[in-house]
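*Asks:* Below is the file entry.tsv, which contains TSV, C-alpha atoms.
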```
chain	number	residue	atom	x	y	z
R	1056	MET	CA	231.25	79.51	288.50
R	1057	ASN	CA	233.04	79.20	291.83
R	1058	LYS	CA	235.30	76.18	291.52
R	1059	SER	CA	234.65	75.28	295.15
R	1060	ASP	CA	230.91	74.96	294.47
R	1061	LYS	CA	230.90	71.24	293.76
R	1062	LEU	CA	228.13	68.70	293.55
R	1063	MET	CA	228.61	65.36	295.35
R	1064	ILE	CA	226.54	62.29	294.45
R	1065	GLY	CA	227.34	58.78	295.55
R	1066	GLY	CA	230.82	59.83	296.69
R	1067	LYS	CA	231.63	61.31	293.25
R	1068	GLU	CA	232.45	65.00	292.90
R	1069	LEU	CA	230.94	66.69	289.86
R	1070	SER	CA	231.83	70.13	288.56
R	1071	SER	CA	228.92	70.22	286.09
R	1072	ARG	CA	225.30	70.38	287.24
R	1073	PHE	CA	224.01	69.49	283.79
R	1074	PHE	CA	222.80	65.88	283.38
R	1075	LEU	CA	222.17	65.18	279.71
R	1076	GLY	CA	220.20	62.53	277.85
R	1077	THR	CA	221.58	60.85	274.73
R	1078	GLY	CA	218.42	60.06	272.76
R	1079	ARG	CA	216.47	61.78	269.98
R	1080	TYR	CA	219.37	63.68	268.39
R	1081	PRO	CA	219.39	64.02	264.58
R	1082	ASN	CA	222.59	61.98	264.34
R	1083	PRO	CA	225.62	60.89	266.43
R	1084	PHE	CA	227.72	63.82	265.21
R	1085	VAL	CA	225.24	66.40	266.51
R	1086	GLN	CA	224.83	64.36	269.68
R	1087	ASN	CA	228.56	64.50	270.39
R	1088	GLN	CA	228.78	68.20	269.60
R	1089	ALA	CA	225.87	68.94	271.95
R	1090	ILE	CA	227.41	66.83	274.73
R	1091	GLU	CA	230.70	68.68	274.38
R	1092	ALA	CA	228.97	72.08	274.34
R	1093	SER	CA	226.95	71.20	277.45
R	1094	GLY	CA	229.99	70.40	279.59
R	1095	ALA	CA	227.93	67.57	281.09
R	1096	GLU	CA	229.76	64.86	283.03
R	1097	VAL	CA	226.74	62.61	283.60
R	1098	LEU	CA	224.96	61.08	280.61
R	1099	THR	CA	221.74	59.13	280.81
R	1100	PHE	CA	220.16	56.61	278.44
R	1101	ALA	CA	217.55	53.87	278.51
R	1102	ILE	CA	219.01	50.43	279.25
R	1103	ARG	CA	216.52	48.89	276.87
R	1104	ARG	CA	218.16	50.82	274.02
R	1105	VAL	CA	221.59	49.34	274.76
R	1106	ASN	CA	222.97	45.98	273.61
R	1107	LEU	CA	224.04	44.60	276.98
R	1108	ASP	CA	225.89	41.68	275.39
R	1109	GLU	CA	228.35	44.10	273.76
R	1110	PRO	CA	227.87	47.47	275.52
R	1111	GLU	CA	231.20	48.85	274.30
R	1112	GLU	CA	230.07	48.28	270.70
R	1113	ASP	CA	226.55	49.57	271.17
R	1114	ALA	CA	225.31	52.22	268.75
R	1115	ILE	CA	224.76	54.66	271.64
R	1116	LEU	CA	227.93	54.17	273.64
R	1117	GLN	CA	230.43	53.62	270.84
R	1118	HIS	CA	230.22	57.26	269.78
R	1119	LEU	CA	231.40	58.29	273.25
R	1120	GLU	CA	234.49	56.09	273.22
R	1121	GLY	CA	237.63	57.69	274.60
R	1122	LYS	CA	235.73	60.22	276.69
R	1123	THR	CA	235.25	60.15	280.44
R	1124	PHE	CA	231.67	60.29	281.64
R	1125	THR	CA	229.61	58.99	284.51
R	1126	TYR	CA	226.86	56.92	282.96
R	1127	LEU	CA	223.40	57.06	284.47
R	1128	PRO	CA	221.40	54.30	282.77
R	1129	ASN	CA	217.67	54.48	283.35
R	1130	THR	CA	214.90	51.90	283.68
R	1131	SER	CA	212.57	53.58	281.20
R	1132	GLY	CA	209.93	51.11	280.05
R	1133	ALA	CA	209.65	49.38	283.43
R	1134	LYS	CA	206.06	49.02	284.64
R	1135	ASN	CA	206.83	48.02	288.22
R	1136	ALA	CA	209.61	47.72	290.79
R	1137	GLU	CA	210.42	44.13	289.83
R	1138	GLU	CA	211.10	45.09	286.21
R	1139	ALA	CA	213.14	48.15	287.22
R	1140	VAL	CA	215.31	46.12	289.59
R	1141	ARG	CA	215.93	43.47	286.93
R	1142	ILE	CA	216.95	46.12	284.37
R	1143	ALA	CA	219.29	47.77	286.88
R	1144	ARG	CA	220.97	44.48	287.74
R	1145	LEU	CA	221.53	43.71	284.05
R	1146	ALA	CA	223.15	47.11	283.53
R	1147	LYS	CA	225.47	46.63	286.49
R	1148	ALA	CA	226.38	43.08	285.44
R	1149	SER	CA	227.28	44.31	281.95
R	1150	GLY	CA	229.80	46.71	283.47
R	1151	ILE	CA	228.11	49.91	282.32
R	1152	SER	CA	227.55	51.52	285.72
R	1153	ASN	CA	226.36	51.02	289.28
R	1154	TRP	CA	224.49	54.32	288.99
R	1155	ILE	CA	220.83	53.89	288.06
R	1156	LYS	CA	217.96	56.24	287.37
R	1157	VAL	CA	214.79	54.52	288.54
R	1158	GLU	CA	212.03	55.41	286.09
R	1159	ILE	CA	208.74	53.53	286.41
R	1160	SER	CA	205.68	54.71	284.49
R	1161	VAL	CA	202.39	52.92	283.88
R	1162	ASN	CA	200.44	55.56	281.99
R	1163	GLU	CA	201.82	55.97	278.46
R	1164	ARG	CA	199.92	59.22	277.97
R	1165	THR	CA	201.39	61.12	280.92
R	1166	LEU	CA	204.50	59.03	281.71
R	1167	LEU	CA	204.13	60.17	285.31
R	1168	PRO	CA	206.17	58.04	287.74
R	1169	ASP	CA	204.45	55.39	289.85
R	1170	PRO	CA	205.19	56.53	293.43
R	1171	ILE	CA	204.70	53.18	295.17
R	1172	GLU	CA	206.75	51.12	292.72
R	1173	THR	CA	209.46	53.80	292.53
R	1174	LEU	CA	209.85	53.76	296.31
R	1175	LYS	CA	210.03	49.94	296.34
R	1176	ALA	CA	212.69	49.81	293.64
R	1177	THR	CA	214.74	52.57	295.25
R	1178	GLU	CA	214.88	50.76	298.58
R	1179	ILE	CA	215.85	47.42	297.00
R	1180	LEU	CA	218.56	48.85	294.77
R	1181	ALA	CA	220.03	51.14	297.43
R	1182	ASN	CA	220.34	48.13	299.74
R	1183	GLU	CA	222.22	46.32	296.96
R	1184	GLY	CA	224.79	49.10	296.71
R	1185	PHE	CA	223.52	50.97	293.67
R	1186	VAL	CA	223.79	54.74	293.45
R	1187	VAL	CA	220.08	55.33	292.99
R	1188	LEU	CA	218.60	58.49	291.47
R	1189	PRO	CA	214.82	58.03	291.29
R	1190	TYR	CA	212.67	60.07	288.92
R	1191	THR	CA	209.56	61.09	290.82
R	1192	SER	CA	206.73	63.57	291.00
R	1193	ASP	CA	207.05	66.91	292.77
R	1194	ASP	CA	205.53	65.57	296.00
R	1195	PRO	CA	207.61	66.79	298.97
R	1196	VAL	CA	206.55	63.86	301.19
R	1197	LEU	CA	207.42	61.26	298.56
R	1198	CYS	CA	210.78	62.90	297.84
R	1199	LYS	CA	211.64	62.70	301.52
R	1200	ARG	CA	210.62	59.02	301.64
R	1201	LEU	CA	212.88	58.29	298.67
R	1202	GLU	CA	215.77	60.00	300.44
R	1203	GLU	CA	215.10	57.90	303.55
R	1204	ALA	CA	214.99	54.76	301.36
R	1205	GLY	CA	218.59	55.40	300.32
R	1206	ALA	CA	218.42	57.55	297.19
R	1207	ALA	CA	221.76	59.26	296.49
R	1208	ALA	CA	219.83	62.11	294.87
R	1209	VAL	CA	216.15	62.67	294.17
R	1210	MET	CA	214.87	63.85	290.78
R	1211	PRO	CA	211.41	65.43	290.84
R	1212	GLY	CA	209.90	66.49	287.54
R	1213	GLY	CA	209.04	70.07	286.76
R	1214	ALA	CA	206.30	68.82	284.43
R	1215	PRO	CA	205.56	65.57	282.57
R	1216	ILE	CA	208.40	64.20	280.42
R	1217	GLY	CA	208.91	65.91	277.08
R	1218	THR	CA	206.12	68.47	277.50
R	1219	GLY	CA	208.34	71.56	277.78
R	1220	LEU	CA	205.75	73.10	280.11
R	1221	GLY	CA	208.41	74.29	282.55
R	1222	ILE	CA	208.01	74.25	286.32
R	1223	LEU	CA	204.33	73.86	287.10
R	1224	ASN	CA	204.65	73.93	290.89
R	1225	PRO	CA	207.58	76.03	292.11
R	1226	TYR	CA	206.17	76.01	295.65
R	1227	ASN	CA	206.44	72.22	295.91
R	1228	LEU	CA	209.93	72.19	294.45
R	1229	SER	CA	211.09	74.84	296.91
R	1230	LEU	CA	209.74	72.71	299.77
R	1231	ILE	CA	211.54	69.64	298.41
R	1232	VAL	CA	214.84	71.53	298.25
R	1233	GLU	CA	214.33	72.99	301.72
R	1234	GLU	CA	213.77	69.57	303.33
R	1235	ALA	CA	216.36	67.56	301.39
R	1236	LYS	CA	219.66	66.30	302.75
R	1237	VAL	CA	220.62	64.83	299.37
R	1238	PRO	CA	220.99	66.65	296.02
R	1239	ILE	CA	217.80	67.54	294.16
R	1240	ILE	CA	218.00	67.31	290.38
R	1241	ILE	CA	215.04	68.69	288.42
R	1242	ASP	CA	214.20	66.09	285.80
R	1243	ALA	CA	211.60	66.37	283.03
R	1244	GLY	CA	209.29	69.01	281.63
R	1245	LEU	CA	211.76	71.86	281.21
R	1246	GLY	CA	211.78	73.53	277.82
R	1247	SER	CA	213.91	76.64	277.81
R	1248	ALA	CA	216.81	78.39	279.48
R	1249	GLN	CA	214.26	80.44	281.42
R	1250	ASP	CA	212.89	77.24	282.98
R	1251	VAL	CA	216.40	76.15	283.90
R	1252	VAL	CA	217.23	79.44	285.59
R	1253	GLN	CA	214.02	79.19	287.62
R	1254	ALA	CA	214.86	75.63	288.70
R	1255	MET	CA	218.32	76.65	289.84
R	1256	GLU	CA	217.08	79.79	291.60
R	1257	LEU	CA	214.71	77.58	293.59
R	1258	GLY	CA	217.80	75.88	294.97
R	1259	ALA	CA	217.97	72.77	292.79
R	1260	ASP	CA	221.42	71.18	292.63
R	1261	GLY	CA	221.16	70.47	288.93
R	1262	VAL	CA	218.89	69.65	286.01
R	1263	LEU	CA	218.50	66.61	283.77
R	1264	MET	CA	217.15	67.03	280.27
R	1265	ASN	CA	217.13	65.43	276.86
R	1266	THR	CA	214.29	66.56	274.58
R	1267	PRO	CA	214.76	70.35	275.01
R	1268	VAL	CA	218.32	70.00	273.69
R	1269	ALA	CA	218.01	67.10	271.26
R	1270	LYS	CA	214.85	68.37	269.51
R	1271	ALA	CA	215.83	72.04	269.42
R	1272	LYS	CA	216.34	73.55	265.96
R	1273	ASP	CA	220.03	73.83	266.88
R	1274	PRO	CA	220.87	71.28	269.62
R	1275	VAL	CA	224.43	72.53	270.04
R	1276	LYS	CA	223.43	76.14	270.64
R	1277	MET	CA	220.67	74.99	272.99
R	1278	ALA	CA	223.14	72.89	274.97
R	1279	MET	CA	225.30	76.00	275.37
R	1280	ALA	CA	222.27	78.05	276.43
R	1281	MET	CA	221.22	75.48	279.03
R	1282	LYS	CA	224.75	75.31	280.42
R	1283	ALA	CA	224.84	79.09	280.79
R	1284	ALA	CA	221.37	79.09	282.38
R	1285	ILE	CA	222.44	76.52	284.97
R	1286	GLU	CA	225.47	78.60	285.89
R	1287	ALA	CA	223.51	81.88	286.01
R	1288	GLY	CA	220.70	80.37	288.06
R	1289	ARG	CA	223.11	78.79	290.52
R	1290	LEU	CA	225.03	82.04	290.98
R	1291	SER	CA	221.77	83.92	291.50
R	1292	TYR	CA	220.67	81.40	294.14
R	1293	LEU	CA	223.99	81.62	295.97
R	1294	ALA	CA	224.00	85.43	295.76
R	1295	GLY	CA	220.51	85.70	297.28
R	1296	ARG	CA	217.85	87.74	295.53
R	1297	ILE	CA	216.21	90.82	297.04
R	1298	SER	CA	212.84	90.32	298.70
R	1299	LYS	CA	209.69	91.21	296.78
R	1300	LYS	CA	207.83	94.30	298.01
R	1301	ARG	CA	204.50	95.84	297.20
R	1302	TYR	CA	205.78	99.39	296.63
R	1303	ALA	CA	208.74	101.02	294.94
R	1304	THR	CA	211.99	101.94	296.68
R	1305	ALA	CA	214.26	104.59	295.19
R	1306	SER	CA	217.71	103.17	294.58
R	1307	SER	CA	219.39	106.32	295.89
R	1308	GLY	CA	216.95	106.86	298.77
R	1309	PHE	CA	214.84	109.98	299.30
R	1310	GLU	CA	216.92	110.98	302.34
R	1311	ASN	CA	219.85	111.56	299.98
R	1312	PHE	CA	218.02	113.99	297.77
R	1313	ILE	CA	219.00	117.68	298.11
R	1314	VAL	CA	215.95	119.96	298.18
R	1315	LYS	CA	216.50	123.62	297.25
```
Would you mind writing the file's structure down as C-alpha coordinates?

*Replies:*
Amino acid sequence: MNKSDKLMIGGKELSSRFFLGTGRYPNPFVQNQAIEASGAEVLTFAIRRVNLDEPEEDAILQHLEGKTFTYLPNTSGAKNAEEAVRIARLAKASGISNWIKVEISVNERTLLPDPIETLKATEILANEGFVVLPYTSDDPVLCKRLEEAGAAAVMPGGAPIGTGLGILNPYNLSLIVEEAKVPIIIDAGLGSAQDVVQAMELGADGVLMNTPVAKAKDPVKMAMAMKAAIEAGRLSYLAGRISKKRYATASSGFENFIVK
(Lines of atoms letter the chains of each structure in order from A and count residues from 1; the text may use other names and numbers.)
(Lines give C-alpha, C1' and ligand atoms only; values in the text may rest on other atoms or scores of the structure.)
Protein backbone atom coordinates (compact mmCIF):
# COMPACT_ATOMS: atom_id res chain seq x y z
CA MET A 1 0.00 0.00 0.00
CA ASN A 2 1.18 3.51 -0.83
CA LYS A 3 2.52 4.94 2.41
CA SER A 4 1.17 8.37 1.48
CA ASP A 5 -2.38 7.00 1.32
CA LYS A 6 -3.34 7.83 4.88
CA LEU A 7 -6.67 7.97 6.65
CA MET A 8 -7.38 10.99 8.88
CA ILE A 9 -10.10 10.89 11.55
CA GLY A 10 -10.47 13.43 14.32
CA GLY A 11 -7.01 14.86 13.59
CA LYS A 12 -5.38 11.42 13.96
CA GLU A 13 -3.51 9.86 11.04
CA LEU A 14 -4.07 6.14 10.59
CA SER A 15 -2.09 3.85 8.31
CA SER A 16 -4.51 0.93 8.74
CA ARG A 17 -8.06 1.03 7.37
CA PHE A 18 -9.09 -2.00 9.41
CA PHE A 19 -11.20 -1.24 12.51
CA LEU A 20 -11.52 -4.39 14.60
CA GLY A 21 -13.89 -5.47 17.35
CA THR A 22 -12.65 -7.27 20.46
CA GLY A 23 -15.62 -9.46 21.38
CA ARG A 24 -16.63 -13.06 20.70
CA TYR A 25 -13.13 -14.54 20.31
CA PRO A 26 -12.52 -18.05 21.68
CA ASN A 27 -10.02 -16.71 24.22
CA PRO A 28 -7.72 -13.71 24.86
CA PHE A 29 -4.74 -15.44 23.24
CA VAL A 30 -6.54 -15.88 19.92
CA GLN A 31 -7.91 -12.36 20.24
CA ASN A 32 -4.42 -10.89 20.55
CA GLN A 33 -3.07 -12.99 17.70
CA ALA A 34 -5.93 -11.87 15.44
CA ILE A 35 -5.42 -8.22 16.38
CA GLU A 36 -1.73 -8.47 15.56
CA ALA A 37 -2.41 -10.24 12.26
CA SER A 38 -4.98 -7.61 11.26
CA GLY A 39 -2.60 -4.68 11.64
CA ALA A 40 -5.55 -2.72 13.05
CA GLU A 41 -4.82 0.49 14.94
CA VAL A 42 -8.40 1.16 16.06
CA LEU A 43 -10.13 -1.32 18.36
CA THR A 44 -13.77 -1.14 19.34
CA PHE A 45 -15.67 -2.65 22.27
CA ALA A 46 -18.94 -2.13 24.12
CA ILE A 47 -18.61 0.21 27.11
CA ARG A 48 -21.11 -1.90 29.00
CA ARG A 49 -18.63 -4.79 28.88
CA VAL A 50 -15.88 -2.75 30.54
CA ASN A 51 -15.37 -2.14 34.26
CA LEU A 52 -15.18 1.66 34.21
CA ASP A 53 -14.03 1.81 37.83
CA GLU A 54 -10.80 0.00 36.92
CA PRO A 55 -10.54 0.15 33.09
CA GLU A 56 -6.83 -0.69 33.09
CA GLU A 57 -7.59 -3.93 34.94
CA ASP A 58 -10.64 -4.86 32.90
CA ALA A 59 -10.76 -8.34 31.38
CA ILE A 60 -10.97 -6.85 27.87
CA LEU A 61 -8.35 -4.13 28.06
CA GLN A 62 -5.76 -5.81 30.27
CA HIS A 63 -4.81 -8.22 27.50
CA LEU A 64 -3.84 -5.26 25.31
CA GLU A 65 -1.52 -3.69 27.87
CA GLY A 66 1.74 -2.35 26.49
CA LYS A 67 0.37 -1.93 22.97
CA THR A 68 -0.59 1.33 21.30
CA PHE A 69 -4.12 1.49 19.94
CA THR A 70 -6.81 4.06 19.41
CA TYR A 71 -9.81 2.84 21.36
CA LEU A 72 -13.25 3.31 19.88
CA PRO A 73 -15.71 2.39 22.65
CA ASN A 74 -19.28 1.96 21.49
CA THR A 75 -22.68 2.60 23.06
CA SER A 76 -24.10 -0.81 22.20
CA GLY A 77 -27.16 -1.50 24.34
CA ALA A 78 -28.35 2.11 24.32
CA LYS A 79 -32.03 2.49 23.40
CA ASN A 80 -32.04 6.24 22.86
CA ALA A 81 -29.82 9.30 22.56
CA GLU A 82 -29.93 10.04 26.29
CA GLU A 83 -28.54 6.61 27.16
CA ALA A 84 -25.87 6.80 24.45
CA VAL A 85 -24.69 10.21 25.62
CA ARG A 86 -24.50 9.03 29.23
CA ILE A 87 -22.45 5.96 28.23
CA ALA A 88 -20.09 8.10 26.15
CA ARG A 89 -19.53 10.54 29.00
CA LEU A 90 -18.74 7.70 31.40
CA ALA A 91 -16.17 6.29 28.97
CA LYS A 92 -14.48 9.66 28.56
CA ALA A 93 -14.48 10.33 32.31
CA SER A 94 -12.83 6.96 32.94
CA GLY A 95 -9.95 7.97 30.67
CA ILE A 96 -10.51 5.30 28.03
CA SER A 97 -11.02 7.57 25.02
CA ASN A 98 -12.76 10.64 23.66
CA TRP A 99 -13.58 8.66 20.53
CA ILE A 100 -17.05 7.13 20.58
CA LYS A 101 -19.03 4.92 18.25
CA VAL A 102 -22.69 5.88 18.61
CA GLU A 103 -24.73 2.70 18.35
CA ILE A 104 -28.44 2.93 19.20
CA SER A 105 -30.77 0.04 18.40
CA VAL A 106 -34.32 -0.59 19.58
CA ASN A 107 -35.18 -3.76 17.70
CA GLU A 108 -33.30 -6.73 19.16
CA ARG A 109 -34.12 -8.88 16.15
CA THR A 110 -32.57 -6.65 13.48
CA LEU A 111 -30.31 -4.39 15.59
CA LEU A 112 -30.81 -1.72 12.95
CA PRO A 113 -29.79 1.75 14.15
CA ASP A 114 -32.44 4.25 15.21
CA PRO A 115 -31.88 7.17 12.79
CA ILE A 116 -33.52 9.91 14.88
CA GLU A 117 -31.83 9.02 18.16
CA THR A 118 -28.48 8.45 16.43
CA LEU A 119 -28.61 11.92 14.90
CA LYS A 120 -29.51 13.48 18.26
CA ALA A 121 -26.67 11.76 20.09
CA THR A 122 -24.15 12.59 17.38
CA GLU A 123 -24.96 16.30 17.54
CA ILE A 124 -24.78 16.43 21.34
CA LEU A 125 -21.50 14.52 21.61
CA ALA A 126 -19.81 16.35 18.73
CA ASN A 127 -20.66 19.65 20.43
CA GLU A 128 -19.02 18.33 23.60
CA GLY A 129 -15.76 17.63 21.78
CA PHE A 130 -16.05 13.89 21.22
CA VAL A 131 -14.70 12.29 18.07
CA VAL A 132 -18.01 10.78 17.01
CA LEU A 133 -18.33 7.85 14.61
CA PRO A 134 -22.02 6.97 14.33
CA TYR A 135 -23.19 3.55 13.15
CA THR A 136 -26.10 4.11 10.81
CA SER A 137 -28.12 2.62 7.99
CA ASP A 138 -27.11 2.97 4.35
CA ASP A 139 -29.35 6.01 3.81
CA PRO A 140 -27.41 8.67 1.86
CA VAL A 141 -29.53 11.54 3.24
CA LEU A 142 -29.10 10.41 6.85
CA CYS A 143 -25.35 9.93 6.39
CA LYS A 144 -25.07 13.49 5.13
CA ARG A 145 -27.08 14.79 8.10
CA LEU A 146 -24.76 12.97 10.49
CA GLU A 147 -21.76 14.56 8.80
CA GLU A 148 -23.39 17.99 9.14
CA ALA A 149 -24.09 17.24 12.83
CA GLY A 150 -20.36 16.92 13.45
CA ALA A 151 -19.51 13.26 12.89
CA ALA A 152 -15.76 12.76 12.37
CA ALA A 153 -16.58 9.74 10.19
CA VAL A 154 -19.83 8.03 9.27
CA MET A 155 -20.27 4.25 9.47
CA PRO A 156 -23.13 2.87 7.36
CA GLY A 157 -23.84 -0.84 7.58
CA GLY A 158 -23.54 -3.13 4.60
CA ALA A 159 -26.20 -5.37 6.17
CA PRO A 160 -27.58 -5.93 9.70
CA ILE A 161 -24.97 -6.64 12.40
CA GLY A 162 -23.57 -10.16 12.46
CA THR A 163 -25.57 -11.44 9.48
CA GLY A 164 -22.63 -11.87 7.09
CA LEU A 165 -24.95 -11.01 4.20
CA GLY A 166 -22.41 -8.68 2.63
CA ILE A 167 -23.29 -5.40 0.93
CA LEU A 168 -27.00 -5.43 0.19
CA ASN A 169 -27.17 -2.01 -1.46
CA PRO A 170 -23.96 -1.04 -3.25
CA TYR A 171 -25.76 1.78 -5.06
CA ASN A 172 -26.60 3.55 -1.80
CA LEU A 173 -23.10 3.10 -0.44
CA SER A 174 -21.57 4.53 -3.60
CA LEU A 175 -23.83 7.58 -3.25
CA ILE A 176 -22.80 8.00 0.38
CA VAL A 177 -19.11 7.90 -0.54
CA GLU A 178 -19.64 10.29 -3.44
CA GLU A 179 -21.34 12.92 -1.26
CA ALA A 180 -19.19 12.60 1.87
CA LYS A 181 -16.59 15.08 3.04
CA VAL A 182 -15.65 12.88 6.00
CA PRO A 183 -14.35 9.27 5.94
CA ILE A 184 -16.89 6.52 5.33
CA ILE A 185 -16.27 3.29 7.24
CA ILE A 186 -18.45 0.31 6.29
CA ASP A 187 -19.63 -1.21 9.54
CA ALA A 188 -21.66 -4.40 9.99
CA GLY A 189 -22.93 -7.22 7.84
CA LEU A 190 -19.73 -8.12 6.01
CA GLY A 191 -18.80 -11.79 6.04
CA SER A 192 -15.90 -12.50 3.74
CA ALA A 193 -12.86 -11.02 2.05
CA GLN A 194 -14.97 -10.69 -1.11
CA ASP A 195 -17.37 -8.38 0.75
CA VAL A 196 -14.47 -6.30 2.00
CA VAL A 197 -12.97 -5.88 -1.47
CA GLN A 198 -16.36 -4.75 -2.77
CA ALA A 199 -16.70 -2.20 0.05
CA MET A 200 -13.27 -0.76 -0.65
CA GLU A 201 -13.80 -0.71 -4.42
CA LEU A 202 -16.93 1.36 -3.83
CA GLY A 203 -14.65 3.99 -2.33
CA ALA A 204 -15.07 3.30 1.39
CA ASP A 205 -12.23 4.60 3.54
CA GLY A 206 -12.19 1.51 5.73
CA VAL A 207 -14.20 -1.30 7.27
CA LEU A 208 -15.13 -2.20 10.83
CA MET A 209 -15.84 -5.80 11.73
CA ASN A 210 -15.87 -8.21 14.62
CA THR A 211 -17.96 -11.36 14.06
CA PRO A 212 -16.49 -12.34 10.64
CA VAL A 213 -13.04 -12.54 12.24
CA ALA A 214 -13.83 -13.64 15.78
CA LYS A 215 -16.25 -16.44 14.81
CA ALA A 216 -14.27 -17.72 11.83
CA LYS A 217 -12.91 -21.26 12.11
CA ASP A 218 -9.45 -19.68 12.20
CA PRO A 219 -9.73 -16.05 13.40
CA VAL A 220 -6.04 -15.32 12.84
CA LYS A 221 -6.06 -16.43 9.21
CA MET A 222 -9.31 -14.55 8.64
CA ALA A 223 -7.81 -11.38 10.11
CA MET A 224 -4.93 -11.73 7.64
CA ALA A 225 -7.38 -12.30 4.78
CA MET A 226 -9.44 -9.23 5.68
CA LYS A 227 -6.31 -7.09 5.92
CA ALA A 228 -5.21 -8.21 2.46
CA ALA A 229 -8.72 -7.62 1.07
CA ILE A 230 -8.75 -4.06 2.41
CA GLU A 231 -5.41 -3.34 0.79
CA ALA A 232 -6.37 -4.97 -2.53
CA GLY A 233 -9.73 -3.22 -2.66
CA ARG A 234 -8.20 0.15 -1.87
CA LEU A 235 -5.53 -0.25 -4.54
CA SER A 236 -8.16 -1.30 -7.07
CA TYR A 237 -10.26 1.77 -6.23
CA LEU A 238 -7.28 4.10 -6.56
CA ALA A 239 -6.18 2.44 -9.81
CA GLY A 240 -9.61 2.86 -11.41
CA ARG A 241 -11.33 -0.13 -12.96
CA ILE A 242 -12.23 -0.38 -16.65
CA SER A 243 -15.79 0.49 -17.62
CA LYS A 244 -18.28 -2.31 -18.18
CA LYS A 245 -19.34 -2.86 -21.80
CA ARG A 246 -21.97 -4.97 -23.46
CA TYR A 247 -19.68 -6.56 -26.07
CA ALA A 248 -16.18 -7.99 -26.17
CA THR A 249 -13.06 -6.04 -27.08
CA ALA A 250 -9.96 -7.86 -28.31
CA SER A 251 -7.01 -7.03 -26.11
CA SER A 252 -4.69 -6.69 -29.10
CA GLY A 253 -7.23 -4.91 -31.33
CA PHE A 254 -8.43 -6.16 -34.72
CA GLU A 255 -6.57 -3.36 -36.50
CA ASN A 256 -3.31 -4.99 -35.39
CA PHE A 257 -4.08 -8.34 -36.93
CA ILE A 258 -2.16 -9.24 -40.12
CA VAL A 259 -4.42 -10.79 -42.75
CA LYS A 260 -2.75 -12.92 -45.44

*Asks:* If you count all atoms listed in the file, which residues fall within 8 Å of Leu1174 in chain R, apart from same-chain ones fewer than 5 positions away, as a count of residues only?

*Replies:* 3

*Asks:* Closest to Ile1064 in chain R among R:Leu1228, R:Ala1139, R:Ala1095, R:Ala1208, using all atoms listed in the file?

*Replies:*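 Once distances to Ile1064 in chain R are computed over all atoms listed in the file, the minimum belongs to R:Ala1208.
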
*Asks:* Just to confirm, what's the straight-line distance from CA of Val1161 in chain R to CA of Lys1134 in chain R in Å (one decimal)?

*Replies:*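 Here the two named atoms are 5.4 Å from each other.
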
*Asks:* For a quick check of understanding, using all atoms listed in the file, which of R:Leu1127, R:Ala1269, R:Cys1198, R:Leu1245 has the smallest distance to Glu1233 in chain R?

*Replies:*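 The shortest atom-to-atom distance to Glu1233 in chain R comes from R:Cys1198.
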
*Asks:* Excluding Gly1065 in chain R and residues on its chain fewer than 3 positions from it, collect all residues at most 12 Å away from it, counting all atoms listed in the file, and give them as a VMD selection string.

*Replies:* chain R and resid 1062 1068 to 1069 1125 1127 1153 to 1155 1181 1184 to 1188 1205 to 1209 1237 to 1238

*Asks:* Mind listing whatever residues come within 7 Å of the point (214.9, 59.9, 277.8)? Use only C-alpha atoms, file coordinates, and give them as a ChimeraX atom specification.

*Replies:* /R:1076,1078,1100-1101,1265

*Asks:* Please identify all polymer residues lying at most 9 Å from the point (205.1, 49.9, 291.0) (file coordinates), using all atoms listed in the file, and present the result as a ChimeraX atom specification.

*Replies:* /R:1133-1137,1159-1161,1168-1176

*Asks:* Tell me, as a ChimeraX atom specification, which residues lie within 10 Å of Leu1230 in chain R, counting all atoms listed in the file; anything in the same chain fewer than 3 positions away does not count.

*Replies:* /R:1193-1196,1225-1227,1233-1235,1257-1258

*Asks:* With distances taken over all atoms listed in the file, which residue among R:Ser1247, R:Lys1147, R:Lys1156, R:Gly1132 lies nearest Lys1276 in chain R?

*Replies:*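 Looking only at the distances to Lys1276 in chain R, the closest residue turns out to be R:Ser1247.
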
*Asks:* State, in Å with one decimal place, the distance from CA of Leu1098 in chain R to CA of Ser1229 in chain R.

*Replies:* 25.4 Å
